[in-house]
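Taking it in order: structure first as structure tokens, then the write-up.
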Amino acid sequence: MTNSTATPTDLDTRLEAHRTELTGYCYRMLGSSFEAEDAVQDTMVRAWRSYDKFEGRSSLRSWLYRIATNVCLDMLTAGNKRARPMDLTESTPLAQAALSPRPDNTWLEPMPDARVLPTPEDPAEAAVAKESVRLAFMAALQQLPAKQRAVLILREVLAWKASEVAELLDTSVASVNSALQRARATLAERQEPGAGAAVSDPLDEGQQKLLDRYMAAFEGYDMTALTALLHEDAVMTMPPFDLWLTGVRDITGFMTTLGAPCAGSRLVPVQVNGLPGFAQYKPDPEGGFTPWAVQVLEISEGRITGFHCFLDTKRWFPLFDLPLHLEAETDQVEQGA
């Protein structure tokens, strides 16, 4: 049977069934939400155009991964490595804090879970998938050469056999095993901030209570309550600014000085990079609330260890399907009086 018998509708349906997992793969490869979605779209277009040449010697899924890998490798030839602020500069004391932005293509970007994480029936498989898009792991991946990155993701995250990866990359099993060994060694040498983030799936009772307390403390801008929730070595980042802060005193000090306009904000829970997070809306002088940041929280041993705020809201809020304005809450007591 030839592939020409597939109708356009059938082919679209078959290709779209792989979009989420391919987006997850391209995101891990590229470190960029938008580049990942562009790469998957390019993959779909290439697959559509060349489907009549697909001879079925491998599965459609394997063929799509081969195309997606080539697209990503082409995009990575420029050599740009996405990073977090702590990958580029030293931690800055609050007294020397300055907000210096860097170009968008500098930064590792956040990604909604729903766009990159299929919903496998196996809880263990789901946990591995979530861990593999966490910011610390994503930052570590960016330090690997592109082909080692592909091998590590395919072998360790997606559980492909060495022979399958070798076929996809047009190389030998020995070469794949060697690349995997080198990639593992590189990651083992790096002590990634945030690598110890321990978040269960779903959240356990203690973690949910911690998030509820954080939400109340942040919305109330209560630094005493927030201090009780932060690990003493907690880290705060704010891309596109390269500033990052370490420790409760500097973080809360920043929030009450340069960050003071965030008082009175509202938080909306989001699932981002396999971790809990919030969309932060700041008070709008014209009424209601306006988008300000997507926050990603890292938690370990009952405390918040990482507090990462992505500020380019014109890009992030549509990506998360979030409204660009929140209305002020109506005073129900007055209305009922």
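Identifiers in this document derive from the order of the structure tokens: chains are assigned A, B, ..., residues are numbered from 1 separately in each chain, and ligands are numbered from 1 in order of occurrence.
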
Query raised in the report: Which residues in region 53-296 of chain A does DSSP call strand (DSSP E)? List them as a ChimeraX atom specification.
Result: /A:230-238,241-246,266-272,275-283,289-296

Each residue of region 86-122 of chain A lying at most 12 Å from region 136-148 of chain A should get a row with its shortest atom-to-atom pair and the distance in Å to one decimal, counting only C-alpha atoms; could you produce that, ordered by chain and increasing number, as a Markdown table?
| residue | atom | partner | partner_atom | distance |
| --- | --- | --- | --- | --- |
| A:Met86 | CA | A:Ala139 | CA | 10.0 |
| A:Asp87 | CA | A:Ala139 | CA | 8.1 |
| A:Leu88 | CA | A:Ala139 | CA | 11.3 |
| A:Thr106 | CA | A:Gln142 | CA | 11.5 |
| A:Trp107 | CA | A:Ala139 | CA | 9.7 |
| A:Leu108 | CA | A:Ala139 | CA | 7.1 |
| A:Glu109 | CA | A:Met138 | CA | 9.5 |
| A:Pro110 | CA | A:Met138 | CA | 10.1 |
| A:Met111 | CA | A:Met138 | CA | 11.1 |

Write the residues of the selection above to a file with C-alpha atoms, as a compact mmCIF listing (two decimals), in the first residue's frame.
# COMPACT_ATOMS: atom_id res chain seq x y z
CA MET A 86 22.92 32.57 37.08
CA ASP A 87 24.58 30.92 34.05
CA LEU A 88 25.91 34.28 32.85
CA THR A 106 19.80 35.07 25.49
CA TRP A 107 17.26 33.48 27.76
CA LEU A 108 15.92 30.04 28.51
CA GLU A 109 12.18 30.52 28.10
CA PRO A 110 9.23 29.21 30.14
CA MET A 111 6.74 26.79 28.64

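Among the candidates A:Thr290, A:Thr256, A:Ser300, A:Gln295, the one nearest to Gln207 (chain A) when counting only C-alpha atoms is A:Ser300.
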
Requested in this report: Just the residues within 12 Å of region 224-230 of chain A, please, counting only C-alpha atoms, with nothing from its chain fewer than 2 positions along; format it as an MDAnalysis selection string.
Outcome: chainID A and resid 207 209:222 232:236 246:253 255:256 297:307

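Nearest to Ser32 (chain A) of all the residues A:Leu168, A:Met223, A:Leu76, A:Leu258 is A:Leu76, counting only C-alpha atoms.
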
Query raised in the report: In region 56-190 of chain A, what's helix (DSSP H, G or I) per DSSP? Answer as a PyMOL selection string?
Result: chain A and resi 60-78+85-88+94-96+104-106+113-116+123-131+135-141+146-157+162-169+173-189

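Closest to Val151 (chain A) among A:Ala17, A:Leu326, A:Leu180, A:Val294 is A:Leu180, based on only C-alpha atoms.
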
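With only C-alpha atoms as the atoms that count, the minimum distance from Phe241 (chain A) to the choices A:Pro85, A:Pro93, A:Gly288, A:Pro112 is reached by A:Pro85.
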
Report task. For Tyr27 (chain A), please output as a list in words all residues within 8 Å (counting only C-alpha atoms; exclusion window: fewer than 5 positions along the same chain). Result -> Ser32, Ser33, Glu35, Ala36, Glu37 and Val116 of chain A

Atoms kept (N, CA and C atoms) for selection, written as a short mmCIF file (atom, residue, chain, number, x, y, z; two decimals), in the first residue's frame:
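For reference, part-v5.cif as written:
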data_model
loop_
_atom_site.label_atom_id
_atom_site.label_comp_id
_atom_site.auth_asym_id
_atom_site.auth_seq_id
_atom_site.Cartn_x
_atom_site.Cartn_y
_atom_site.Cartn_z
N SER A 32 13.77 27.32 23.82
CA SER A 32 12.90 28.45 23.51
C SER A 32 11.50 27.96 23.19
N SER A 33 10.51 28.54 23.85
CA SER A 33 9.12 28.16 23.60
C SER A 33 8.73 28.42 22.16
N GLU A 35 10.68 29.18 19.45
CA GLU A 35 11.48 28.46 18.45
C GLU A 35 11.03 27.00 18.37
N ALA A 36 10.66 26.43 19.52
CA ALA A 36 10.18 25.03 19.51
C ALA A 36 8.91 24.92 18.68
N GLU A 37 7.98 25.83 18.87
CA GLU A 37 6.74 25.76 18.10
C GLU A 37 7.00 26.01 16.62
N VAL A 116 3.76 20.81 26.05
CA VAL A 116 4.92 19.94 25.83
C VAL A 116 4.82 18.59 26.51
#

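Put simply, CA of Glu167 (chain A) is 20.6 Å away from CA of Asp52 (chain A).
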
Query raised in the report: Which is closer to Glu90 (chain A) than all the others in A:Asp242, A:Glu329, A:Asp312, A:Glu121, using only C-alpha atoms?
Result: A:Asp242
